[in-house]
Amino acid sequence: MPGFEIRFEDDELTRVLARVGAALGDMEPVNAQIGELMVEKTKARFDTGKGPDGVIWAPRSETTITRYLRLGFTPGPIPLTGQSKALRTQIFYEARAEDVAWGSSMIQAAVMQFGAGKGQFGQTSRGAPIPWGDIPARPYIGFSDEDRGAVIELFEEWLKDAAGE
């Protein structure tokens with residue numbers, strides 16, 4: 001028990017602290033804003049071909065390019081951007097009061113993020129390895145320093161709004 005007590009008897013300060021306290025009790029709105037921001041930042045990485053750490057994604061192998069051409073696809077210059085652009089467009093977030101998560105539920109999403117070795121997932125019924133070759137990691141989900149700053153800025157603005165500034 002402290003030996004002294006400080007008591008605020010300032011109605012405006014009391015109201016501001018009450019608003020901020022109420023806002024902090026329900027973080028889902030700001031987490032949704034963070035989720036929207038990070039989905040857009042993640043999608044933008046497909047334009048640059050760089051991961052959150054700024055490292056350029058490994059290029060497609062000659063084997064992959066040859067296979068695409070044989071199938072009638074014209075591969076673009078940036079890996080992870082196929083004919084359908086599905087991986088780029090299938091990024092979503094889920095915001096809750098306590099946290100926010102974003103990513104993709106597409107079957108290839110984790111392999112593209114973390115990479116995979118030839119045959120890591122077994123074999124086809126004809127005995128071919130799955131995947132048929134090594135796939136380098138090409139991280140697209142995560143925080144860059146710029147992302148971190150944007151999230152902090154967004155959160156600061158949210159607190160100012162909560163405080164009624």
# chains A, B, ... in the order shown; residues from 1 in each chain; ligands from 1
>>> residues_around(residues="range 23-37 of chain A", least_positions_apart="4", cutoff="7 Å", atoms="only C-alpha atoms", output="list of chain:residue names")
A:Arg19, A:Lys41, A:Tyr93, A:Glu94, A:Ala95, A:Arg96, A:Ala97, A:Glu98, A:Asp99, A:Val100, A:Ala101, A:Trp102, A:Val151, A:Phe155, A:Trp158, A:Ala162
>>> write_last_selection(atoms="C-alpha atoms", output="PDB file, in the first residue's frame")
ATOM      1  CA  ARG A  19     -12.775   6.562 -23.427  1.00  0.00           C
ATOM      2  CA  LYS A  41       1.149  -4.546 -47.730  1.00  0.00           C
ATOM      3  CA  TYR A  93      -7.108 -11.378 -42.270  1.00  0.00           C
ATOM      4  CA  GLU A  94      -8.985 -12.373 -39.154  1.00  0.00           C
ATOM      5  CA  ALA A  95      -9.252  -9.798 -36.386  1.00  0.00           C
ATOM      6  CA  ARG A  96     -10.301 -10.548 -32.844  1.00  0.00           C
ATOM      7  CA  ALA A  97     -10.244  -8.466 -29.692  1.00  0.00           C
ATOM      8  CA  GLU A  98      -6.916  -9.961 -28.612  1.00  0.00           C
ATOM      9  CA  ASP A  99      -5.034 -10.297 -31.914  1.00  0.00           C
ATOM     10  CA  VAL A 100      -5.016 -10.219 -35.696  1.00  0.00           C
ATOM     11  CA  ALA A 101      -3.733 -12.804 -38.169  1.00  0.00           C
ATOM     12  CA  TRP A 102      -3.371 -12.682 -41.926  1.00  0.00           C
ATOM     13  CA  VAL A 151       1.151  -0.317 -37.716  1.00  0.00           C
ATOM     14  CA  PHE A 155      -2.354   2.383 -33.532  1.00  0.00           C
ATOM     15  CA  TRP A 158      -6.556   4.964 -33.135  1.00  0.00           C
ATOM     16  CA  ALA A 162     -10.282   6.967 -28.730  1.00  0.00           C
TER      17      ALA A 162
END
>>> residues_around(residues="range 67-83 of chain A", least_positions_apart="2", cutoff="9 Å", atoms="only C-alpha atoms", output="ChimeraX atom specification")
/A:46-49,57-60,62-65,85-88,112,138
>>> write_last_selection(atoms="N, CA and C atoms", output="compact mmCIF listing (two decimals), in the first residue's frame")
# COMPACT_ATOMS: atom_id res chain seq x y z
N PHE A 46 3.93 -8.66 -54.10
CA PHE A 46 3.88 -9.38 -55.37
C PHE A 46 4.28 -8.46 -56.54
N ASP A 47 4.23 -7.15 -56.34
CA ASP A 47 4.67 -6.20 -57.37
C ASP A 47 6.19 -6.08 -57.39
N THR A 48 6.81 -6.19 -56.21
CA THR A 48 8.25 -5.99 -56.10
C THR A 48 9.04 -7.29 -56.14
N GLY A 49 8.39 -8.40 -55.78
CA GLY A 49 9.10 -9.67 -55.72
C GLY A 49 10.09 -9.73 -54.58
N TRP A 57 12.96 -12.38 -54.05
CA TRP A 57 12.62 -13.79 -54.14
C TRP A 57 13.49 -14.50 -55.16
N ALA A 58 13.77 -15.76 -54.87
CA ALA A 58 14.53 -16.59 -55.81
C ALA A 58 13.78 -16.66 -57.13
N PRO A 59 14.49 -16.58 -58.25
CA PRO A 59 13.81 -16.67 -59.54
C PRO A 59 13.28 -18.07 -59.79
N ARG A 60 12.38 -18.18 -60.75
CA ARG A 60 11.90 -19.50 -61.15
C ARG A 60 13.07 -20.26 -61.78
N GLU A 62 14.83 -22.89 -64.45
CA GLU A 62 14.64 -23.15 -65.88
C GLU A 62 13.65 -24.30 -66.09
N THR A 63 13.69 -25.28 -65.20
CA THR A 63 12.77 -26.42 -65.30
C THR A 63 11.33 -25.95 -65.15
N THR A 64 11.09 -25.06 -64.21
CA THR A 64 9.74 -24.53 -64.00
C THR A 64 9.29 -23.72 -65.21
N ILE A 65 10.17 -22.87 -65.72
CA ILE A 65 9.82 -22.05 -66.88
C ILE A 65 9.50 -22.94 -68.08
N LYS A 85 -2.94 -15.42 -60.74
CA LYS A 85 -2.63 -14.46 -59.66
C LYS A 85 -3.40 -14.80 -58.39
N ALA A 86 -3.78 -16.06 -58.25
CA ALA A 86 -4.65 -16.48 -57.14
C ALA A 86 -3.99 -16.29 -55.78
N LEU A 87 -2.71 -16.64 -55.65
CA LEU A 87 -2.07 -16.50 -54.34
C LEU A 87 -2.11 -15.05 -53.87
N ARG A 88 -1.86 -14.15 -54.77
CA ARG A 88 -1.88 -12.72 -54.44
C ARG A 88 -3.28 -12.26 -54.02
N MET A 112 5.14 -21.83 -50.58
CA MET A 112 5.72 -20.62 -51.14
C MET A 112 6.42 -19.80 -50.05
N ARG A 138 10.04 -18.27 -50.47
CA ARG A 138 9.85 -16.92 -50.97
C ARG A 138 8.87 -16.23 -50.01
>>> closest_residue(among="A:Pro139, A:Gly115, A:Gly164, A:Arg148", to="Val55 in chain A", atoms="only C-alpha atoms")
A:Pro139
>>> closest_residue(among="A:Gly117, A:Glu146, A:Asp161, A:Glu153", to="Trp132 in chain A", atoms="only C-alpha atoms")
A:Gly117
>>> select_by_dssp(residues="range 73-144 of chain A", states="alpha helix (DSSP H)", output="list of chain:residue names")
A:Ala86, A:Leu87, A:Arg88, A:Thr89, A:Ala109, A:Ala110, A:Val111, A:Met112, A:Gln113, A:Phe114
>>> closest_residue(among="A:Thr42, A:Gly21, A:Asp53, A:Phe121", to="Ser144 in chain A", atoms="only C-alpha atoms")
A:Asp53
>>> select_by_dssp(residues="range 29-112 of chain A", states="strand (DSSP E or B)", output="PyMOL selection string")
chain A and resi 50+56+92-95+100-103
>>> residues_around(residues="Phe92 in chain A", least_positions_apart="4", cutoff="7 Å", atoms="only C-alpha atoms", output="NGL selection string")
:A and (39 or 102-104)
>>> write_last_selection(atoms="N, CA and C atoms", output="PDB file, in the first residue's frame")
ATOM      1  N   VAL A  39      -2.815  -6.902 -45.115  1.00  0.00           N
ATOM      2  CA  VAL A  39      -3.220  -7.605 -46.341  1.00  0.00           C
ATOM      3  C   VAL A  39      -2.764  -6.797 -47.552  1.00  0.00           C
ATOM      4  N   TRP A 102      -3.095 -12.773 -40.502  1.00  0.00           N
ATOM      5  CA  TRP A 102      -3.371 -12.682 -41.926  1.00  0.00           C
ATOM      6  C   TRP A 102      -2.541 -13.734 -42.650  1.00  0.00           C
ATOM      7  N   GLY A 103      -3.067 -14.144 -43.780  1.00  0.00           N
ATOM      8  CA  GLY A 103      -2.379 -15.158 -44.565  1.00  0.00           C
ATOM      9  C   GLY A 103      -3.295 -15.677 -45.648  1.00  0.00           C
ATOM     10  N   SER A 104      -2.986 -16.878 -46.131  1.00  0.00           N
ATOM     11  CA  SER A 104      -3.749 -17.485 -47.204  1.00  0.00           C
ATOM     12  C   SER A 104      -4.047 -18.930 -46.847  1.00  0.00           C
TER      13      SER A 104
END
>>> decode(residues="range 7-118 of chain A", atoms="C-alpha atoms", output="tab-separated table (two decimals), in the first residue's frame")
chain	number	residue	atom	x	y	z
A	7	ARG	CA	-6.16	11.64	-7.25
A	8	PHE	CA	-7.23	13.23	-10.52
A	9	GLU	CA	-10.21	15.46	-10.12
A	10	ASP	CA	-10.19	16.72	-13.64
A	11	ASP	CA	-13.44	15.92	-15.42
A	12	GLU	CA	-11.94	16.19	-18.92
A	13	LEU	CA	-8.99	13.94	-18.07
A	14	THR	CA	-11.33	11.45	-16.41
A	15	ARG	CA	-13.51	11.35	-19.54
A	16	VAL	CA	-10.49	10.89	-21.84
A	17	LEU	CA	-9.09	8.09	-19.70
A	18	ALA	CA	-12.51	6.42	-19.60
A	19	ARG	CA	-12.78	6.56	-23.43
A	20	VAL	CA	-9.27	5.17	-23.88
A	21	GLY	CA	-9.97	2.46	-21.30
A	22	ALA	CA	-13.16	1.47	-23.11
A	23	ALA	CA	-11.36	1.40	-26.45
A	24	LEU	CA	-8.56	-0.74	-25.03
A	25	GLY	CA	-11.22	-3.14	-23.74
A	26	ASP	CA	-12.22	-3.89	-27.35
A	27	MET	CA	-9.20	-3.99	-29.63
A	28	GLU	CA	-11.06	-5.70	-32.48
A	29	PRO	CA	-11.66	-2.46	-34.45
A	30	VAL	CA	-7.97	-1.48	-34.47
A	31	ASN	CA	-6.92	-5.07	-35.11
A	32	ALA	CA	-9.23	-5.08	-38.15
A	33	GLN	CA	-7.54	-1.90	-39.40
A	34	ILE	CA	-4.14	-3.54	-38.87
A	35	GLY	CA	-5.37	-6.63	-40.72
A	36	GLU	CA	-6.54	-4.57	-43.70
A	37	LEU	CA	-3.25	-2.70	-43.78
A	38	MET	CA	-1.16	-5.88	-43.65
A	39	VAL	CA	-3.22	-7.61	-46.34
A	40	GLU	CA	-2.56	-4.64	-48.65
A	41	LYS	CA	1.15	-4.55	-47.73
A	42	THR	CA	1.41	-8.30	-48.35
A	43	LYS	CA	-0.30	-8.04	-51.74
A	44	ALA	CA	2.05	-5.20	-52.69
A	45	ARG	CA	5.03	-7.54	-52.25
A	46	PHE	CA	3.88	-9.38	-55.37
A	47	ASP	CA	4.67	-6.20	-57.37
A	48	THR	CA	8.25	-5.99	-56.10
A	49	GLY	CA	9.10	-9.67	-55.72
A	50	LYS	CA	10.66	-8.98	-52.32
A	51	GLY	CA	9.99	-10.49	-48.92
A	52	PRO	CA	9.28	-8.50	-45.76
A	53	ASP	CA	13.02	-8.51	-45.08
A	54	GLY	CA	13.69	-6.80	-48.43
A	55	VAL	CA	15.33	-9.90	-49.95
A	56	ILE	CA	14.42	-10.50	-53.60
A	57	TRP	CA	12.62	-13.79	-54.14
A	58	ALA	CA	14.53	-16.59	-55.81
A	59	PRO	CA	13.81	-16.67	-59.54
A	60	ARG	CA	11.90	-19.50	-61.15
A	61	SER	CA	14.11	-22.38	-62.21
A	62	GLU	CA	14.64	-23.15	-65.88
A	63	THR	CA	12.77	-26.42	-65.30
A	64	THR	CA	9.74	-24.53	-64.00
A	65	ILE	CA	9.82	-22.05	-66.88
A	66	THR	CA	10.08	-24.90	-69.40
A	67	ARG	CA	7.17	-26.71	-67.78
A	68	TYR	CA	5.01	-23.55	-67.80
A	69	LEU	CA	5.76	-22.97	-71.48
A	70	ARG	CA	4.93	-26.60	-72.30
A	71	LEU	CA	1.57	-26.15	-70.53
A	72	GLY	CA	0.89	-22.98	-72.52
A	73	PHE	CA	1.53	-20.51	-69.69
A	74	THR	CA	3.67	-17.44	-70.15
A	75	PRO	CA	5.44	-16.91	-66.83
A	76	GLY	CA	5.79	-13.31	-65.72
A	77	PRO	CA	9.03	-11.86	-64.41
A	78	ILE	CA	8.15	-12.17	-60.71
A	79	PRO	CA	7.86	-15.55	-58.96
A	80	LEU	CA	4.62	-16.34	-57.10
A	81	THR	CA	2.65	-14.48	-59.76
A	82	GLY	CA	1.16	-17.15	-61.97
A	83	GLN	CA	-1.50	-16.99	-64.66
A	84	SER	CA	-4.39	-16.73	-62.20
A	85	LYS	CA	-2.63	-14.46	-59.66
A	86	ALA	CA	-4.65	-16.48	-57.14
A	87	LEU	CA	-2.07	-16.50	-54.34
A	88	ARG	CA	-1.88	-12.72	-54.44
A	89	THR	CA	-5.65	-12.29	-54.40
A	90	GLN	CA	-6.38	-14.95	-51.77
A	91	ILE	CA	-4.86	-13.16	-48.76
A	92	PHE	CA	-7.21	-12.43	-45.90
A	93	TYR	CA	-7.11	-11.38	-42.27
A	94	GLU	CA	-8.98	-12.37	-39.15
A	95	ALA	CA	-9.25	-9.80	-36.39
A	96	ARG	CA	-10.30	-10.55	-32.84
A	97	ALA	CA	-10.24	-8.47	-29.69
A	98	GLU	CA	-6.92	-9.96	-28.61
A	99	ASP	CA	-5.03	-10.30	-31.91
A	100	VAL	CA	-5.02	-10.22	-35.70
A	101	ALA	CA	-3.73	-12.80	-38.17
A	102	TRP	CA	-3.37	-12.68	-41.93
A	103	GLY	CA	-2.38	-15.16	-44.57
A	104	SER	CA	-3.75	-17.49	-47.20
A	105	SER	CA	-5.58	-20.79	-46.99
A	106	MET	CA	-4.45	-21.80	-50.48
A	107	ILE	CA	-2.80	-25.20	-50.58
A	108	GLN	CA	0.49	-23.83	-51.94
A	109	ALA	CA	0.70	-20.84	-49.57
A	110	ALA	CA	2.90	-22.44	-46.90
A	111	VAL	CA	5.22	-24.00	-49.50
A	112	MET	CA	5.72	-20.62	-51.14
A	113	GLN	CA	6.40	-18.98	-47.75
A	114	PHE	CA	8.73	-21.64	-46.33
A	115	GLY	CA	9.89	-23.64	-49.37
A	116	ALA	CA	9.95	-27.43	-49.80
A	117	GLY	CA	12.38	-30.09	-50.91
A	118	LYS	CA	11.85	-32.41	-53.87
